[in-house]
$ cat start_19.csv   # CSV, N, CA and C atoms
chain,number,residue,atom,x,y,z
Q,5,MET,N,0.8,-1.2,0.0
Q,5,MET,CA,0.0,0.0,0.0
Q,5,MET,C,0.9,1.2,0.0
Q,6,PRO,N,0.5,2.2,-0.7
Q,6,PRO,CA,1.3,3.5,-0.7
Q,6,PRO,C,1.2,4.2,0.6
Q,7,SER,N,2.2,4.9,0.9
Q,7,SER,CA,2.2,5.7,2.1
Q,7,SER,C,2.5,7.1,1.8
Q,8,ILE,N,2.0,8.0,2.7
Q,8,ILE,CA,2.2,9.4,2.5
Q,8,ILE,C,3.1,9.8,3.7
Q,9,VAL,N,4.3,10.3,3.3
Q,9,VAL,CA,5.3,10.7,4.3
Q,9,VAL,C,5.5,12.2,4.2
Q,10,GLY,N,5.4,12.9,5.3
Q,10,GLY,CA,5.5,14.3,5.4
Q,10,GLY,C,7.0,14.7,5.3
Q,11,PRO,N,7.3,16.0,5.5
Q,11,PRO,CA,8.7,16.5,5.5
Q,11,PRO,C,9.6,15.8,6.5
Q,12,ILE,N,10.7,15.3,6.1
Q,12,ILE,CA,11.7,14.7,7.0
Q,12,ILE,C,13.1,15.3,6.8
Q,13,LYS,N,13.9,15.2,7.8
Q,13,LYS,CA,15.3,15.6,7.7
Q,13,LYS,C,16.2,14.6,8.4
Q,14,ILE,N,17.1,14.0,7.6
Q,14,ILE,CA,18.0,13.0,8.1
Q,14,ILE,C,19.4,13.7,8.0
Q,15,ASN,N,20.0,13.9,9.2
Q,15,ASN,CA,21.3,14.5,9.2
Q,15,ASN,C,22.4,13.6,8.9
Q,16,SER,N,22.4,12.3,9.4
Q,16,SER,CA,23.4,11.4,9.1
Q,16,SER,C,22.9,10.0,9.5
Q,17,VAL,N,23.4,9.0,8.8
Q,17,VAL,CA,23.1,7.6,9.0
Q,17,VAL,C,24.4,6.9,9.1
Q,18,GLY,N,24.7,6.2,10.2
Q,18,GLY,CA,25.9,5.5,10.4
Q,18,GLY,C,25.7,4.0,10.3
Q,19,GLY,N,25.2,3.6,9.2
Q,19,GLY,CA,24.9,2.2,9.0
Q,19,GLY,C,23.5,1.9,9.3
Q,20,GLY,N,22.9,1.0,8.5
Q,20,GLY,CA,21.5,0.7,8.8
Q,20,GLY,C,20.6,1.0,7.6
Q,21,VAL,N,19.3,0.8,7.7
Q,21,VAL,CA,18.4,0.9,6.6
Q,21,VAL,C,17.3,1.9,7.0
Q,22,ILE,N,17.0,2.8,6.1
Q,22,ILE,CA,15.8,3.7,6.4
Q,22,ILE,C,14.8,3.4,5.3
Q,23,ASN,N,13.6,3.1,5.8
Q,23,ASN,CA,12.6,2.6,4.8
Q,23,ASN,C,11.3,3.4,5.1
Q,24,PHE,N,10.7,3.9,4.1
Q,24,PHE,CA,9.4,4.6,4.2
Q,24,PHE,C,8.4,3.9,3.2
Q,25,GLY,N,7.4,3.3,3.8
Q,25,GLY,CA,6.4,2.7,2.9
Q,25,GLY,C,6.7,1.2,2.7
Q,26,ASP,N,6.2,0.6,1.6
Q,26,ASP,CA,6.4,-0.8,1.3
Q,26,ASP,C,7.7,-1.0,0.7
Q,27,SER,N,8.2,-2.2,0.9
Q,27,SER,CA,9.5,-2.6,0.3
Q,27,SER,C,9.4,-4.1,0.1
Q,28,PHE,N,9.9,-4.6,-1.0
Q,28,PHE,CA,9.9,-6.0,-1.3
Q,28,PHE,C,11.2,-6.7,-0.7
Q,29,TYR,N,12.3,-6.0,-0.9
Q,29,TYR,CA,13.6,-6.6,-0.5
Q,29,TYR,C,14.6,-5.5,-0.2
Q,30,LEU,N,15.2,-5.6,1.0
Q,30,LEU,CA,16.2,-4.6,1.5
Q,30,LEU,C,17.5,-5.3,1.7
Q,31,ALA,N,18.5,-4.9,1.0
Q,31,ALA,CA,19.8,-5.6,1.2
Q,31,ALA,C,20.9,-4.5,1.3
Q,32,PRO,N,21.2,-3.9,2.4
Q,32,PRO,CA,22.3,-3.0,2.5
Q,32,PRO,C,23.6,-3.7,2.4
Q,33,LYS,N,24.5,-3.0,1.7
Q,33,LYS,CA,25.8,-3.6,1.4
Q,33,LYS,C,26.9,-2.6,1.8
Q,34,SER,N,28.0,-3.1,2.2
Q,34,SER,CA,29.2,-2.3,2.5
Q,34,SER,C,30.5,-3.1,2.4
Q,35,THR,N,31.6,-2.4,2.2
Q,35,THR,CA,32.9,-3.1,2.2
Q,35,THR,C,33.8,-2.2,3.0
Q,36,SER,N,34.9,-2.9,3.4
Q,36,SER,CA,36.0,-2.1,4.1
Q,36,SER,C,37.3,-2.9,4.0
Q,37,LYS,N,38.4,-2.2,4.2
Q,37,LYS,CA,39.7,-2.8,4.1
Q,37,LYS,C,40.5,-2.4,5.3
Q,38,THR,N,41.2,-3.3,5.8
Q,38,THR,CA,42.1,-3.1,7.0
Q,38,THR,C,43.5,-3.6,6.7
Q,39,ASN,N,44.5,-2.7,7.0
Q,39,ASN,CA,45.9,-3.1,6.9
Q,39,ASN,C,46.5,-3.3,8.3
Q,40,THR,N,46.9,-4.5,8.7
Q,40,THR,CA,47.5,-4.7,10.0
Q,40,THR,C,48.7,-5.5,9.8
Q,41,GLY,N,49.6,-5.4,10.8
Q,41,GLY,CA,50.8,-6.2,10.8
Q,41,GLY,C,50.6,-7.6,11.3
Q,42,SER,N,51.6,-8.5,11.3
Q,42,SER,CA,51.4,-9.8,11.7
Q,42,SER,C,51.2,-9.9,13.2
Q,43,GLY,N,50.2,-10.7,13.6
Q,43,GLY,CA,50.0,-10.8,15.1
Q,43,GLY,C,49.2,-9.7,15.7
Q,44,SER,N,48.8,-8.7,15.0
Q,44,SER,CA,48.2,-7.5,15.6
Q,44,SER,C,46.7,-7.7,15.9
Q,45,GLN,N,46.0,-8.7,15.2
Q,45,GLN,CA,44.6,-8.9,15.5
Q,45,GLN,C,44.3,-10.2,16.2
Q,46,ASN,N,45.3,-10.7,16.9
Q,46,ASN,CA,45.0,-11.9,17.7
Q,46,ASN,C,44.2,-11.6,18.9
Q,47,THR,N,43.2,-12.4,19.2
Q,47,THR,CA,42.4,-12.2,20.4
Q,47,THR,C,42.3,-13.5,21.2
Q,48,GLY,N,42.2,-13.4,22.5
Q,48,GLY,CA,42.1,-14.6,23.3
Q,48,GLY,C,42.7,-14.3,24.7
Q,49,ASP,N,42.8,-15.3,25.5
Q,49,ASP,CA,43.3,-15.1,26.9
Q,49,ASP,C,44.8,-15.2,27.0
Q,50,PHE,N,45.4,-16.2,26.4
Q,50,PHE,CA,46.8,-16.5,26.6
Q,50,PHE,C,47.5,-16.5,25.2
Q,51,ILE,N,47.9,-15.4,24.7
Q,51,ILE,CA,48.5,-15.3,23.4
Q,51,ILE,C,50.0,-15.0,23.5
Q,52,CYS,N,50.8,-15.8,22.8
Q,52,CYS,CA,52.2,-15.5,22.7
Q,52,CYS,C,52.6,-15.5,21.2
Q,53,THR,N,52.8,-14.3,20.7
Q,53,THR,CA,53.1,-14.2,19.3
Q,53,THR,C,54.5,-13.7,19.1
Q,54,ASN,N,55.3,-14.4,18.4
Q,54,ASN,CA,56.7,-14.1,18.1
Q,54,ASN,C,56.8,-13.9,16.6
Q,55,SER,N,56.7,-12.6,16.1
Q,55,SER,CA,56.7,-12.4,14.7
Q,55,SER,C,58.0,-12.0,14.1
Q,56,GLY,N,58.9,-11.6,15.0
Q,56,GLY,CA,60.2,-11.1,14.5
Q,56,GLY,C,60.0,-9.8,13.8
Q,57,LEU,N,60.5,-9.6,12.6
Q,57,LEU,CA,60.3,-8.4,11.9
Q,57,LEU,C,59.1,-8.4,11.1
Q,58,SER,N,58.2,-7.4,11.2
Q,58,SER,CA,56.9,-7.4,10.5
Q,58,SER,C,56.8,-6.1,9.7
Q,59,SER,N,56.4,-6.1,8.5
Q,59,SER,CA,56.2,-4.9,7.7
Q,59,SER,C,54.9,-5.1,6.9
Q,60,THR,N,54.1,-4.0,7.0
Q,60,THR,CA,52.8,-4.0,6.3
Q,60,THR,C,52.8,-2.9,5.2
Q,61,ASN,N,52.4,-3.2,4.0
Q,61,ASN,CA,52.4,-2.3,2.9
Q,61,ASN,C,50.9,-1.9,2.7
Q,62,PRO,N,50.5,-0.7,3.1
Q,62,PRO,CA,49.1,-0.3,2.9
Q,62,PRO,C,48.8,0.3,1.6
Q,63,PHE,N,49.7,0.4,0.7
Q,63,PHE,CA,49.5,1.0,-0.6
Q,63,PHE,C,48.9,0.0,-1.6
Q,64,ASP,N,47.9,0.4,-2.3
Q,64,ASP,CA,47.2,-0.5,-3.2
Q,64,ASP,C,47.1,0.1,-4.6
Q,65,PRO,N,47.9,-0.4,-5.6
Q,65,PRO,CA,48.0,0.2,-6.9
Q,65,PRO,C,46.7,0.1,-7.7
Q,66,ASP,N,45.9,-1.0,-7.5
Q,66,ASP,CA,44.7,-1.1,-8.4
Q,66,ASP,C,43.5,-0.4,-7.8
Q,67,VAL,N,43.6,0.3,-6.7
Q,67,VAL,CA,42.5,1.1,-6.1
Q,67,VAL,C,41.3,0.4,-5.8
Q,68,ASN,N,40.6,-0.2,-6.7
Q,68,ASN,CA,39.3,-0.9,-6.4
Q,68,ASN,C,39.5,-2.3,-6.1
Q,69,ASP,N,39.0,-2.7,-4.9
Q,69,ASP,CA,39.1,-4.1,-4.4
Q,69,ASP,C,37.7,-4.8,-4.5
Q,70,GLN,N,36.7,-4.2,-3.8
Q,70,GLN,CA,35.4,-4.8,-3.7
Q,70,GLN,C,34.4,-3.8,-4.1
Q,71,ASN,N,34.0,-3.8,-5.3
Q,71,ASN,CA,33.0,-2.8,-5.8
Q,71,ASN,C,31.6,-3.2,-5.4
Q,72,VAL,N,30.9,-2.3,-4.9
Q,72,VAL,CA,29.5,-2.5,-4.5
Q,72,VAL,C,28.6,-1.9,-5.6
Q,73,THR,N,27.9,-2.8,-6.3
Q,73,THR,CA,27.1,-2.3,-7.4
Q,73,THR,C,25.7,-2.9,-7.2
Q,74,ALA,N,24.7,-2.3,-7.8
Q,74,ALA,CA,23.3,-2.8,-7.7
Q,74,ALA,C,22.8,-2.8,-6.2
Q,75,ASN,N,21.6,-3.1,-6.1
Q,75,ASN,CA,21.1,-3.2,-4.7
Q,75,ASN,C,20.0,-4.3,-4.6
Q,76,ALA,N,20.2,-5.3,-5.3
Q,76,ALA,CA,19.2,-6.5,-5.2
Q,76,ALA,C,19.9,-7.8,-5.4
$ encode --input "start_19.csv" --output "structure tokens"
Amino acid sequence: MPSIVGPIKINSVGGGVINFGDSFYLAPKSTSKTNTGSGSQNTGDFICTNSGLSSTNPFDPDVNDQNVTANA
């Protein structure tokens, strides 16, 4: 059924879906990229990481990694 929506103002959306009226299918999509060194994202109670020398190269020559296209 159609809906009548009055004036609205959305200042910002930090993730999530805003829907007014009927919708058949909502599929929000997002991508992100993280550059970390060896052993930096270990989680747990008793971790012993011996990485020696670690180097992370955050530069990406091809620019696009995961393109988000379409919405269905």
$ atom_distance --input "start_19.csv" --atom1 "atom N of Q:Val17" --atom2 "atom CA of Q:Leu30"
17.0 Å
$ atom_distance --input "start_19.csv" --atom1 "atom C of Q:Ile22" --atom2 "atom C of Q:Asn71"
21.0 Å
$ residues_around --input "start_19.csv" --residues "Q:Asn39" --least-positions-apart "6" --cutoff "7 Å" --atoms "only N, CA and C atoms" --output "short mmCIF file (atom, residue, chain, number, x, y, z; two decimals) with N, CA and C atoms, in the frame of the given file"
data_model
loop_
_atom_site.label_atom_id
_atom_site.label_comp_id
_atom_site.auth_asym_id
_atom_site.auth_seq_id
_atom_site.Cartn_x
_atom_site.Cartn_y
_atom_site.Cartn_z
N THR Q 60 54.10 -4.00 7.00
CA THR Q 60 52.80 -4.00 6.30
C THR Q 60 52.80 -2.90 5.20
N ASN Q 61 52.40 -3.20 4.00
CA ASN Q 61 52.40 -2.30 2.90
C ASN Q 61 50.90 -1.90 2.70
N PRO Q 62 50.50 -0.70 3.10
CA PRO Q 62 49.10 -0.30 2.90
C PRO Q 62 48.80 0.30 1.60
#
$ atom_distance --input "start_19.csv" --atom1 "atom CA of Q:Thr35" --atom2 "atom CA of Q:Phe63"
17.3 Å
$ closest_residue --input "start_19.csv" --among "Q:Ser55, Q:Ile8, Q:Asp64, Q:Asn23" --to "Q:Gly43" --atoms "all atoms listed in the file"
Q:Ser55
$ residues_near_point --input "start_19.csv" --point "(58.5, -12.1, 17.4)" --cutoff "12 Å" --atoms "only C-alpha atoms" --output "list in words"
Gly41, Ser42, Gly43, Ser44, Cys52, Thr53, Asn54, Ser55, Gly56, Leu57 and Ser58 of chain Q
$ write_last_selection --input "start_19.csv" --atoms "N, CA and C atoms" --output "CSV table (one decimal), in the coordinates of the input"
chain,number,residue,atom,x,y,z
Q,41,GLY,N,49.6,-5.4,10.8
Q,41,GLY,CA,50.8,-6.2,10.8
Q,41,GLY,C,50.6,-7.6,11.3
Q,42,SER,N,51.6,-8.5,11.3
Q,42,SER,CA,51.4,-9.8,11.7
Q,42,SER,C,51.2,-9.9,13.2
Q,43,GLY,N,50.2,-10.7,13.6
Q,43,GLY,CA,50.0,-10.8,15.1
Q,43,GLY,C,49.2,-9.7,15.7
Q,44,SER,N,48.8,-8.7,15.0
Q,44,SER,CA,48.2,-7.5,15.6
Q,44,SER,C,46.7,-7.7,15.9
Q,52,CYS,N,50.8,-15.8,22.8
Q,52,CYS,CA,52.2,-15.5,22.7
Q,52,CYS,C,52.6,-15.5,21.2
Q,53,THR,N,52.8,-14.3,20.7
Q,53,THR,CA,53.1,-14.2,19.3
Q,53,THR,C,54.5,-13.7,19.1
Q,54,ASN,N,55.3,-14.4,18.4
Q,54,ASN,CA,56.7,-14.1,18.1
Q,54,ASN,C,56.8,-13.9,16.6
Q,55,SER,N,56.7,-12.6,16.1
Q,55,SER,CA,56.7,-12.4,14.7
Q,55,SER,C,58.0,-12.0,14.1
Q,56,GLY,N,58.9,-11.6,15.0
Q,56,GLY,CA,60.2,-11.1,14.5
Q,56,GLY,C,60.0,-9.8,13.8
Q,57,LEU,N,60.5,-9.6,12.6
Q,57,LEU,CA,60.3,-8.4,11.9
Q,57,LEU,C,59.1,-8.4,11.1
Q,58,SER,N,58.2,-7.4,11.2
Q,58,SER,CA,56.9,-7.4,10.5
Q,58,SER,C,56.8,-6.1,9.7
$ closest_residue --input "start_19.csv" --among "Q:Gln45, Q:Ile12, Q:Thr40, Q:Lys33" --to "Q:Val72" --atoms "all atoms listed in the file"
Q:Lys33
$ build_atoms --input "start_19.csv" --residues "stretch 53-67 of chain Q" --atoms "N, CA, C and O atoms" --output "PDB file, in the coordinates of the input"
ATOM      1  N   THR Q  53      52.800 -14.300  20.700  1.00  0.00           N
ATOM      2  CA  THR Q  53      53.100 -14.200  19.300  1.00  0.00           C
ATOM      3  C   THR Q  53      54.500 -13.700  19.100  1.00  0.00           C
ATOM      4  O   THR Q  53      54.915 -12.637  19.630  1.00  0.00           O
ATOM      5  N   ASN Q  54      55.300 -14.400  18.400  1.00  0.00           N
ATOM      6  CA  ASN Q  54      56.700 -14.100  18.100  1.00  0.00           C
ATOM      7  C   ASN Q  54      56.800 -13.900  16.600  1.00  0.00           C
ATOM      8  O   ASN Q  54      57.028 -14.833  15.838  1.00  0.00           O
ATOM      9  N   SER Q  55      56.700 -12.600  16.100  1.00  0.00           N
ATOM     10  CA  SER Q  55      56.700 -12.400  14.700  1.00  0.00           C
ATOM     11  C   SER Q  55      58.000 -12.000  14.100  1.00  0.00           C
ATOM     12  O   SER Q  55      58.188 -11.922  12.924  1.00  0.00           O
ATOM     13  N   GLY Q  56      58.900 -11.600  15.000  1.00  0.00           N
ATOM     14  CA  GLY Q  56      60.200 -11.100  14.500  1.00  0.00           C
ATOM     15  C   GLY Q  56      60.000  -9.800  13.800  1.00  0.00           C
ATOM     16  O   GLY Q  56      59.397  -8.862  14.380  1.00  0.00           O
ATOM     17  N   LEU Q  57      60.500  -9.600  12.600  1.00  0.00           N
ATOM     18  CA  LEU Q  57      60.300  -8.400  11.900  1.00  0.00           C
ATOM     19  C   LEU Q  57      59.100  -8.400  11.100  1.00  0.00           C
ATOM     20  O   LEU Q  57      58.846  -9.343  10.288  1.00  0.00           O
ATOM     21  N   SER Q  58      58.200  -7.400  11.200  1.00  0.00           N
ATOM     22  CA  SER Q  58      56.900  -7.400  10.500  1.00  0.00           C
ATOM     23  C   SER Q  58      56.800  -6.100   9.700  1.00  0.00           C
ATOM     24  O   SER Q  58      57.206  -4.999  10.229  1.00  0.00           O
ATOM     25  N   SER Q  59      56.400  -6.100   8.500  1.00  0.00           N
ATOM     26  CA  SER Q  59      56.200  -4.900   7.700  1.00  0.00           C
ATOM     27  C   SER Q  59      54.900  -5.100   6.900  1.00  0.00           C
ATOM     28  O   SER Q  59      54.564  -6.090   6.360  1.00  0.00           O
ATOM     29  N   THR Q  60      54.100  -4.000   7.000  1.00  0.00           N
ATOM     30  CA  THR Q  60      52.800  -4.000   6.300  1.00  0.00           C
ATOM     31  C   THR Q  60      52.800  -2.900   5.200  1.00  0.00           C
ATOM     32  O   THR Q  60      53.175  -1.742   5.486  1.00  0.00           O
ATOM     33  N   ASN Q  61      52.400  -3.200   4.000  1.00  0.00           N
ATOM     34  CA  ASN Q  61      52.400  -2.300   2.900  1.00  0.00           C
ATOM     35  C   ASN Q  61      50.900  -1.900   2.700  1.00  0.00           C
ATOM     36  O   ASN Q  61      50.160  -2.657   2.057  1.00  0.00           O
ATOM     37  N   PRO Q  62      50.500  -0.700   3.100  1.00  0.00           N
ATOM     38  CA  PRO Q  62      49.100  -0.300   2.900  1.00  0.00           C
ATOM     39  C   PRO Q  62      48.800   0.300   1.600  1.00  0.00           C
ATOM     40  O   PRO Q  62      47.639   0.676   1.306  1.00  0.00           O
ATOM     41  N   PHE Q  63      49.700   0.400   0.700  1.00  0.00           N
ATOM     42  CA  PHE Q  63      49.500   1.000  -0.600  1.00  0.00           C
ATOM     43  C   PHE Q  63      48.900   0.000  -1.600  1.00  0.00           C
ATOM     44  O   PHE Q  63      49.426  -1.115  -1.746  1.00  0.00           O
ATOM     45  N   ASP Q  64      47.900   0.400  -2.300  1.00  0.00           N
ATOM     46  CA  ASP Q  64      47.200  -0.500  -3.200  1.00  0.00           C
ATOM     47  C   ASP Q  64      47.100   0.100  -4.600  1.00  0.00           C
ATOM     48  O   ASP Q  64      46.398   1.065  -4.840  1.00  0.00           O
ATOM     49  N   PRO Q  65      47.900  -0.400  -5.600  1.00  0.00           N
ATOM     50  CA  PRO Q  65      48.000   0.200  -6.900  1.00  0.00           C
ATOM     51  C   PRO Q  65      46.700   0.100  -7.700  1.00  0.00           C
ATOM     52  O   PRO Q  65      46.463   0.926  -8.554  1.00  0.00           O
ATOM     53  N   ASP Q  66      45.900  -1.000  -7.500  1.00  0.00           N
ATOM     54  CA  ASP Q  66      44.700  -1.100  -8.400  1.00  0.00           C
ATOM     55  C   ASP Q  66      43.500  -0.400  -7.800  1.00  0.00           C
ATOM     56  O   ASP Q  66      42.437  -0.406  -8.456  1.00  0.00           O
ATOM     57  N   VAL Q  67      43.600   0.300  -6.700  1.00  0.00           N
ATOM     58  CA  VAL Q  67      42.500   1.100  -6.100  1.00  0.00           C
ATOM     59  C   VAL Q  67      41.300   0.400  -5.800  1.00  0.00           C
ATOM     60  O   VAL Q  67      40.866   0.363  -4.605  1.00  0.00           O
TER      61      VAL Q  67
END
